[in-house]
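The structure appears right after this line, and notes come after that.
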Amino acid sequence: MTTFVLTVTCPSTRGIVAAISGFLADMACNIVDSSQFDDLNSGRFFMRISVLSEEGKTEEDLREALKPIVDRFSMETELYNQETRMKVLLMVSRFGHCLNDLLYRSRIGALPIDLVGVVSNHLDYQKVVVNQDIPFHHIPVTKENKPQAEARIMDIVESTGTELVVLARYMQVLSDQMCQRMSGRIINIHHSFLPSFKGANPYKQAYQRGVKLIGATAHYVTADLDEGPIIEQDTVRVTHAQSAEDYVSLGRDVEAQVLARAVHAHIHHRVLINGSRTVVFPPSPGSYASERMG
């Protein structure tokens, strides 16, 4: 039996859940997990459903049969085969903690993705990547060649069928054109001090101000730097007895965890964009299980 994930966004009104559940029952699909949210402020309804196709209905069968309901409720729907792994391209500069964490999670199956390559403007992690039989693309970026560099990146995205780009501490600002072209398909990670601590050495600035919490934010990339819809955040407490170097180390741990959780949510189709915000539904049972446990 095939497991599908159906996501729904539409204007809020009565009868949506009844229509969808009735449609799935008629198509011999058993609902195994369902989450929904009705945003009273925006008047939008959001839903994510995992279903088992118990009598061999295909993705095409479900899409065709769903059309009358889509038209009736003015729905935006997506249907995914849960066994199909999302094609992901990682981008990194000179800090490797997020990259190494994602590579490990992918290798053990905790993040079931198809890694199509790693792009970097430096050579620091070339050997690490190539040793795992993943294509490595060195694309240096300067003020003079930035348009050409981004064109090369987009060529890689298109030639590999990339569905998600993850900026695993890629320290280059993407152009407005690339952000718009890849809207909702690029995830970035940054320390949560922005915009309070701008510029270089944010952890040092935080240390000097005596902060008690440090953290990280994962968000979709938009033309507004570090202001895209937030997917995941977390913090860790620090004390007066810890050094600026401790802040950096603790911050890197949080960054890696937050980014991994954001990628996990996206590849399982749990994130729906709601204007400048996101609706992030809880994970389905079993979605954190990996192929190599223990």
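Chain labels A, B, ... are given in the sequence in which chains occur in the structure tokens; within each chain residues are numbered consecutively from 1, and ligands are likewise numbered from 1 in the order shown.
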
Which residues of stretch 70-120 of chain A come within 9 Å of stretch 171-174 of chain A, and what is each one's closest atom pair and distance in Å (one decimal), counting only C-alpha atoms, sorted by chain and residue number, as JSON lines?
```
{"residue": "A:Val92", "atom": "CA", "partner": "A:Met171", "partner_atom": "CA", "distance": 7.3}
{"residue": "A:Ser93", "atom": "CA", "partner": "A:Met171", "partner_atom": "CA", "distance": 5.8}
{"residue": "A:Arg94", "atom": "CA", "partner": "A:Met171", "partner_atom": "CA", "distance": 8.2}
```

I need the residues from that last selection saved to file as a short mmCIF file (atom, residue, chain, number, x, y, z; two decimals), in the first residue's frame (with N, CA and C atoms), if you can.
```
data_model
loop_
_atom_site.label_atom_id
_atom_site.label_comp_id
_atom_site.auth_asym_id
_atom_site.auth_seq_id
_atom_site.Cartn_x
_atom_site.Cartn_y
_atom_site.Cartn_z
N VAL A 92 27.39 25.84 1.61
CA VAL A 92 28.17 26.08 2.81
C VAL A 92 29.36 26.98 2.48
N SER A 93 29.85 27.67 3.48
CA SER A 93 31.08 28.47 3.31
C SER A 93 32.20 27.84 4.14
N ARG A 94 32.55 28.43 5.30
CA ARG A 94 33.71 27.93 6.04
C ARG A 94 33.37 27.36 7.41
#
```

DSSP says helix (DSSP H, G or I) for which residues of stretch 20-172 of chain A? Put them as a VMD selection string?
-> chain A and resid 20 to 26 59 to 73 97 to 108 126 to 130 146 to 160

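Using only C-alpha atoms for every distance, the candidate list A:Gly161, A:Gly286, A:Leu52, A:Pro140 yields A:Gly161 as the residue closest to A:Gly117.
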
Produce a table with one row for each residue of stretch 47-137 of chain A that has an atom at most 10 Å from any atom of stretch 146-159 of chain A, each row naming the nearest atom pair and its distance in Å at one decimal; use only C-alpha atoms; arrange rows by chain and rising residue number; format as CSV.
```
residue,atom,partner,partner_atom,distance
A:Lys87,CA,A:Val157,CA,9.6
A:Val88,CA,A:Val157,CA,9.1
A:Leu89,CA,A:Val157,CA,7.5
A:Met91,CA,A:Ile153,CA,9.7
A:Val116,CA,A:Val157,CA,8.9
A:Gly117,CA,A:Ile156,CA,8.6
A:Val118,CA,A:Ile156,CA,9.9
A:Val119,CA,A:Ile153,CA,7.7
A:Ser120,CA,A:Ile153,CA,9.9
A:Asn121,CA,A:Ala149,CA,9.3
A:His137,CA,A:Ile153,CA,8.8
```

Produce a file of the selected residues containing C-alpha atoms, as a PDB file, in the first residue's frame.
```pdb
ATOM      1  CA  LYS A  87      16.105  16.321  -3.939  1.00  0.00           C
ATOM      2  CA  VAL A  88      18.180  18.646  -1.725  1.00  0.00           C
ATOM      3  CA  LEU A  89      21.178  20.859  -2.511  1.00  0.00           C
ATOM      4  CA  MET A  91      25.363  25.262   0.367  1.00  0.00           C
ATOM      5  CA  VAL A 116      22.174  16.000  -5.179  1.00  0.00           C
ATOM      6  CA  GLY A 117      25.264  18.019  -4.274  1.00  0.00           C
ATOM      7  CA  VAL A 118      27.050  20.569  -2.136  1.00  0.00           C
ATOM      8  CA  VAL A 119      27.916  24.069  -3.346  1.00  0.00           C
ATOM      9  CA  SER A 120      30.608  26.112  -1.612  1.00  0.00           C
ATOM     10  CA  ASN A 121      32.483  29.320  -2.263  1.00  0.00           C
ATOM     11  CA  HIS A 137      30.741  22.311  -6.703  1.00  0.00           C
TER      12      HIS A 137
END
```

If we count only C-alpha atoms, what is near A:Val32 at a cut-off of 9 Å, once residues fewer than 4 positions away on the same chain are taken out, given as a PyMOL selection string?
-> chain A and resi 49-52+284-285

Compile a residue-level contact table for stretch 78-189 of chain A against stretch 6-18 of chain A at a cut-off of 12 Å, reporting for every qualifying residue the shortest atom pair and its distance in Å to one decimal, with only C-alpha atoms counted, rows ordered by chain and ascending number, as CSV.
```
residue,atom,partner,partner_atom,distance
A:Glu78,CA,A:Thr7,CA,5.3
A:Leu79,CA,A:Leu6,CA,4.6
A:Tyr80,CA,A:Leu6,CA,6.6
A:Asn81,CA,A:Leu6,CA,9.1
A:Gln82,CA,A:Leu6,CA,10.0
```

For C-alpha atoms, I'd like the residues from the last selection saved as a short mmCIF file (atom, residue, chain, number, x, y, z; two decimals), in the first residue's frame.
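Heads up, here's the output in result-v8.cif:
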```cif
data_model
loop_
_atom_site.label_atom_id
_atom_site.label_comp_id
_atom_site.auth_asym_id
_atom_site.auth_seq_id
_atom_site.Cartn_x
_atom_site.Cartn_y
_atom_site.Cartn_z
CA GLU A 78 -0.34 19.33 -3.10
CA LEU A 79 -0.17 15.55 -3.16
CA TYR A 80 3.06 13.70 -2.41
CA ASN A 81 4.12 10.07 -2.49
CA GLN A 82 5.75 9.64 0.93
#
```

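What separates atom CA of A:Phe136 from atom CA of A:Ile267 is a distance of 21.9 Å.
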
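In this model, the gap between atom CA of A:Phe37 and atom CA of A:Val258 comes to 23.1 Å.
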
I'd like the neighbourhood of A:Ile31 as a PDB file with all heavy atoms, in the first residue's frame, where a residue qualifies if any of its atoms comes within 12 Å (using only C-alpha atoms), though same-chain residues fewer than 4 positions away should be ignored.
```
ATOM      1  N   THR A   3       1.642   5.248   0.723  1.00  0.00           N
ATOM      2  CA  THR A   3       1.272   6.330   1.632  1.00  0.00           C
ATOM      3  C   THR A   3       1.438   7.659   0.902  1.00  0.00           C
ATOM      4  O   THR A   3       2.494   7.933   0.325  1.00  0.00           O
ATOM      5  CB  THR A   3       2.153   6.331   2.891  1.00  0.00           C
ATOM      6  OG1 THR A   3       2.024   5.060   3.549  1.00  0.00           O
ATOM      7  CG2 THR A   3       1.721   7.433   3.845  1.00  0.00           C
ATOM      8  N   PHE A   4       0.399   8.463   0.949  1.00  0.00           N
ATOM      9  CA  PHE A   4       0.431   9.793   0.349  1.00  0.00           C
ATOM     10  C   PHE A   4       0.249  10.851   1.429  1.00  0.00           C
ATOM     11  O   PHE A   4      -0.366  10.603   2.462  1.00  0.00           O
ATOM     12  CB  PHE A   4      -0.695   9.957  -0.684  1.00  0.00           C
ATOM     13  CG  PHE A   4      -0.549   9.084  -1.894  1.00  0.00           C
ATOM     14  CD1 PHE A   4      -1.322   7.937  -2.035  1.00  0.00           C
ATOM     15  CD2 PHE A   4       0.355   9.397  -2.904  1.00  0.00           C
ATOM     16  CE1 PHE A   4      -1.201   7.124  -3.153  1.00  0.00           C
ATOM     17  CE2 PHE A   4       0.485   8.599  -4.022  1.00  0.00           C
ATOM     18  CZ  PHE A   4      -0.294   7.459  -4.154  1.00  0.00           C
ATOM     19  N   VAL A   5       0.786  12.040   1.163  1.00  0.00           N
ATOM     20  CA  VAL A   5       0.542  13.202   2.008  1.00  0.00           C
ATOM     21  C   VAL A   5      -0.203  14.231   1.169  1.00  0.00           C
ATOM     22  O   VAL A   5       0.236  14.597   0.078  1.00  0.00           O
ATOM     23  CB  VAL A   5       1.852  13.813   2.544  1.00  0.00           C
ATOM     24  CG1 VAL A   5       1.565  15.124   3.275  1.00  0.00           C
ATOM     25  CG2 VAL A   5       2.550  12.839   3.480  1.00  0.00           C
ATOM     26  N   LEU A   6      -1.342  14.684   1.685  1.00  0.00           N
ATOM     27  CA  LEU A   6      -2.140  15.710   1.036  1.00  0.00           C
ATOM     28  C   LEU A   6      -2.106  16.971   1.880  1.00  0.00           C
ATOM     29  O   LEU A   6      -2.395  16.929   3.082  1.00  0.00           O
ATOM     30  CB  LEU A   6      -3.587  15.236   0.877  1.00  0.00           C
ATOM     31  CG  LEU A   6      -4.599  16.267   0.349  1.00  0.00           C
ATOM     32  CD1 LEU A   6      -4.266  16.674  -1.079  1.00  0.00           C
ATOM     33  CD2 LEU A   6      -6.025  15.740   0.456  1.00  0.00           C
ATOM     34  N   ILE A  20     -13.226  16.513   2.294  1.00  0.00           N
ATOM     35  CA  ILE A  20     -11.961  15.808   2.075  1.00  0.00           C
ATOM     36  C   ILE A  20     -12.018  14.386   2.625  1.00  0.00           C
ATOM     37  O   ILE A  20     -11.590  13.432   1.963  1.00  0.00           O
ATOM     38  CB  ILE A  20     -10.801  16.597   2.717  1.00  0.00           C
ATOM     39  CG1 ILE A  20     -10.592  17.917   1.969  1.00  0.00           C
ATOM     40  CG2 ILE A  20      -9.516  15.773   2.692  1.00  0.00           C
ATOM     41  CD1 ILE A  20      -9.560  18.812   2.605  1.00  0.00           C
ATOM     42  N   SER A  21     -12.535  14.230   3.832  1.00  0.00           N
ATOM     43  CA  SER A  21     -12.602  12.883   4.421  1.00  0.00           C
ATOM     44  C   SER A  21     -13.537  11.986   3.609  1.00  0.00           C
ATOM     45  O   SER A  21     -13.250  10.790   3.413  1.00  0.00           O
ATOM     46  CB  SER A  21     -13.051  12.963   5.877  1.00  0.00           C
ATOM     47  OG  SER A  21     -14.311  13.600   5.990  1.00  0.00           O
ATOM     48  N   GLY A  22     -14.632  12.544   3.127  1.00  0.00           N
ATOM     49  CA  GLY A  22     -15.535  11.761   2.288  1.00  0.00           C
ATOM     50  C   GLY A  22     -14.880  11.352   0.983  1.00  0.00           C
ATOM     51  O   GLY A  22     -15.032  10.210   0.530  1.00  0.00           O
ATOM     52  N   PHE A  23     -14.164  12.272   0.369  1.00  0.00           N
ATOM     53  CA  PHE A  23     -13.431  11.972  -0.866  1.00  0.00           C
ATOM     54  C   PHE A  23     -12.426  10.843  -0.647  1.00  0.00           C
ATOM     55  O   PHE A  23     -12.337   9.904  -1.455  1.00  0.00           O
ATOM     56  CB  PHE A  23     -12.729  13.244  -1.347  1.00  0.00           C
ATOM     57  CG  PHE A  23     -11.467  13.006  -2.122  1.00  0.00           C
ATOM     58  CD1 PHE A  23     -11.515  12.555  -3.421  1.00  0.00           C
ATOM     59  CD2 PHE A  23     -10.226  13.237  -1.536  1.00  0.00           C
ATOM     60  CE1 PHE A  23     -10.341  12.344  -4.137  1.00  0.00           C
ATOM     61  CE2 PHE A  23      -9.056  13.030  -2.235  1.00  0.00           C
ATOM     62  CZ  PHE A  23      -9.109  12.576  -3.556  1.00  0.00           C
ATOM     63  N   LEU A  24     -11.676  10.904   0.460  1.00  0.00           N
ATOM     64  CA  LEU A  24     -10.670   9.876   0.725  1.00  0.00           C
ATOM     65  C   LEU A  24     -11.314   8.521   0.981  1.00  0.00           C
ATOM     66  O   LEU A  24     -10.804   7.479   0.544  1.00  0.00           O
ATOM     67  CB  LEU A  24      -9.799  10.304   1.917  1.00  0.00           C
ATOM     68  CG  LEU A  24      -8.883  11.507   1.653  1.00  0.00           C
ATOM     69  CD1 LEU A  24      -8.229  11.980   2.947  1.00  0.00           C
ATOM     70  CD2 LEU A  24      -7.811  11.166   0.614  1.00  0.00           C
ATOM     71  N   ALA A  25     -12.432   8.515   1.680  1.00  0.00           N
ATOM     72  CA  ALA A  25     -13.146   7.255   1.921  1.00  0.00           C
ATOM     73  C   ALA A  25     -13.628   6.659   0.601  1.00  0.00           C
ATOM     74  O   ALA A  25     -13.507   5.442   0.364  1.00  0.00           O
ATOM     75  CB  ALA A  25     -14.320   7.490   2.868  1.00  0.00           C
ATOM     76  N   ASP A  26     -14.154   7.504  -0.282  1.00  0.00           N
ATOM     77  CA  ASP A  26     -14.624   7.025  -1.591  1.00  0.00           C
ATOM     78  C   ASP A  26     -13.488   6.455  -2.427  1.00  0.00           C
ATOM     79  O   ASP A  26     -13.698   5.565  -3.259  1.00  0.00           O
ATOM     80  CB  ASP A  26     -15.294   8.168  -2.352  1.00  0.00           C
ATOM     81  CG  ASP A  26     -16.609   8.606  -1.726  1.00  0.00           C
ATOM     82  OD1 ASP A  26     -17.175   7.827  -0.920  1.00  0.00           O
ATOM     83  OD2 ASP A  26     -17.067   9.733  -2.027  1.00  0.00           O
ATOM     84  N   MET A  27     -12.276   6.977  -2.212  1.00  0.00           N
ATOM     85  CA  MET A  27     -11.104   6.518  -2.967  1.00  0.00           C
ATOM     86  C   MET A  27     -10.368   5.384  -2.259  1.00  0.00           C
ATOM     87  O   MET A  27      -9.232   5.047  -2.620  1.00  0.00           O
ATOM     88  CB  MET A  27     -10.149   7.687  -3.200  1.00  0.00           C
ATOM     89  CG  MET A  27     -10.737   8.809  -4.049  1.00  0.00           C
ATOM     90  SD  MET A  27     -11.183   8.266  -5.716  1.00  0.00           S
ATOM     91  CE  MET A  27      -9.567   8.020  -6.445  1.00  0.00           C
ATOM     92  N   SER A  35      -3.832  16.781  10.569  1.00  0.00           N
ATOM     93  CA  SER A  35      -3.693  18.014  11.344  1.00  0.00           C
ATOM     94  C   SER A  35      -4.345  19.138  10.566  1.00  0.00           C
ATOM     95  O   SER A  35      -4.285  19.171   9.328  1.00  0.00           O
ATOM     96  CB  SER A  35      -2.219  18.351  11.592  1.00  0.00           C
ATOM     97  OG  SER A  35      -1.568  17.331  12.311  1.00  0.00           O
ATOM     98  N   ARG A  48      -3.105  19.095   6.701  1.00  0.00           N
ATOM     99  CA  ARG A  48      -2.147  18.087   6.225  1.00  0.00           C
ATOM    100  C   ARG A  48      -2.663  16.719   6.631  1.00  0.00           C
ATOM    101  O   ARG A  48      -2.972  16.487   7.802  1.00  0.00           O
ATOM    102  CB  ARG A  48      -0.763  18.314   6.824  1.00  0.00           C
ATOM    103  CG  ARG A  48       0.279  17.264   6.402  1.00  0.00           C
ATOM    104  CD  ARG A  48       1.553  17.399   7.205  1.00  0.00           C
ATOM    105  NE  ARG A  48       2.570  16.451   6.789  1.00  0.00           N
ATOM    106  CZ  ARG A  48       2.669  15.190   7.234  1.00  0.00           C
ATOM    107  NH1 ARG A  48       1.789  14.736   8.134  1.00  0.00           N
ATOM    108  NH2 ARG A  48       3.644  14.387   6.806  1.00  0.00           N
ATOM    109  N   ILE A  49      -2.738  15.794   5.667  1.00  0.00           N
ATOM    110  CA  ILE A  49      -3.278  14.465   5.929  1.00  0.00           C
ATOM    111  C   ILE A  49      -2.343  13.413   5.339  1.00  0.00           C
ATOM    112  O   ILE A  49      -1.916  13.530   4.183  1.00  0.00           O
ATOM    113  CB  ILE A  49      -4.677  14.284   5.304  1.00  0.00           C
ATOM    114  CG1 ILE A  49      -5.602  15.435   5.661  1.00  0.00           C
ATOM    115  CG2 ILE A  49      -5.305  12.970   5.736  1.00  0.00           C
ATOM    116  CD1 ILE A  49      -6.935  15.372   4.945  1.00  0.00           C
ATOM    117  N   SER A  50      -2.026  12.388   6.129  1.00  0.00           N
ATOM    118  CA  SER A  50      -1.322  11.210   5.624  1.00  0.00           C
ATOM    119  C   SER A  50      -2.344  10.098   5.428  1.00  0.00           C
ATOM    120  O   SER A  50      -3.150   9.820   6.326  1.00  0.00           O
ATOM    121  CB  SER A  50      -0.250  10.744   6.621  1.00  0.00           C
ATOM    122  OG  SER A  50       0.748  11.722   6.774  1.00  0.00           O
ATOM    123  N   VAL A  51      -2.318   9.476   4.264  1.00  0.00           N
ATOM    124  CA  VAL A  51      -3.313   8.431   3.960  1.00  0.00           C
ATOM    125  C   VAL A  51      -2.646   7.216   3.344  1.00  0.00           C
ATOM    126  O   VAL A  51      -1.617   7.322   2.664  1.00  0.00           O
ATOM    127  CB  VAL A  51      -4.412   8.960   3.002  1.00  0.00           C
ATOM    128  CG1 VAL A  51      -5.150  10.136   3.628  1.00  0.00           C
ATOM    129  CG2 VAL A  51      -3.839   9.341   1.659  1.00  0.00           C
ATOM    130  N   LEU A  52      -3.250   6.069   3.584  1.00  0.00           N
ATOM    131  CA  LEU A  52      -2.845   4.829   2.937  1.00  0.00           C
ATOM    132  C   LEU A  52      -3.824   4.520   1.816  1.00  0.00           C
ATOM    133  O   LEU A  52      -5.040   4.453   2.045  1.00  0.00           O
ATOM    134  CB  LEU A  52      -2.848   3.670   3.936  1.00  0.00           C
ATOM    135  CG  LEU A  52      -1.615   3.468   4.811  1.00  0.00           C
ATOM    136  CD1 LEU A  52      -1.881   2.360   5.827  1.00  0.00           C
ATOM    137  CD2 LEU A  52      -0.397   3.123   3.967  1.00  0.00           C
ATOM    138  N   SER A  53      -3.303   4.343   0.609  1.00  0.00           N
ATOM    139  CA  SER A  53      -4.140   3.931  -0.513  1.00  0.00           C
ATOM    140  C   SER A  53      -4.260   2.410  -0.476  1.00  0.00           C
ATOM    141  O   SER A  53      -3.337   1.692  -0.861  1.00  0.00           O
ATOM    142  CB  SER A  53      -3.514   4.401  -1.836  1.00  0.00           C
ATOM    143  OG  SER A  53      -4.284   3.962  -2.926  1.00  0.00           O
ATOM    144  N   GLU A  54      -5.399   1.942   0.010  1.00  0.00           N
ATOM    145  CA  GLU A  54      -5.534   0.510   0.328  1.00  0.00           C
ATOM    146  C   GLU A  54      -5.968  -0.344  -0.865  1.00  0.00           C
ATOM    147  O   GLU A  54      -5.904  -1.571  -0.798  1.00  0.00           O
ATOM    148  CB  GLU A  54      -6.524   0.331   1.479  1.00  0.00           C
ATOM    149  CG  GLU A  54      -6.041   0.983   2.766  1.00  0.00           C
ATOM    150  CD  GLU A  54      -6.971   0.758   3.944  1.00  0.00           C
ATOM    151  OE1 GLU A  54      -8.196   0.596   3.710  1.00  0.00           O
ATOM    152  OE2 GLU A  54      -6.488   0.738   5.079  1.00  0.00           O
ATOM    153  N   SER A 284       4.287  13.176  11.665  1.00  0.00           N
ATOM    154  CA  SER A 284       3.509  11.943  11.657  1.00  0.00           C
ATOM    155  C   SER A 284       4.239  10.868  12.456  1.00  0.00           C
ATOM    156  O   SER A 284       5.470  10.890  12.564  1.00  0.00           O
ATOM    157  CB  SER A 284       3.299  11.446  10.224  1.00  0.00           C
ATOM    158  OG  SER A 284       2.563  12.371   9.464  1.00  0.00           O
TER     159      SER A 284
END
```

Selection: 10 Å around A:Pro283, only C-alpha atoms, excl. self and same-chain fewer than 3 positions, as a list of chain:residue names = A:Asp33, A:Ser35, A:His264, A:Ala265, A:His268, A:His269, A:Arg270, A:Val280, A:Gly286, A:Ser287, A:Tyr288

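Each of A:Gln208, A:Glu83, A:Asn274, A:Ala223 was compared to A:Ser175 using only C-alpha atoms, and A:Ala223 turns out to be the nearest.
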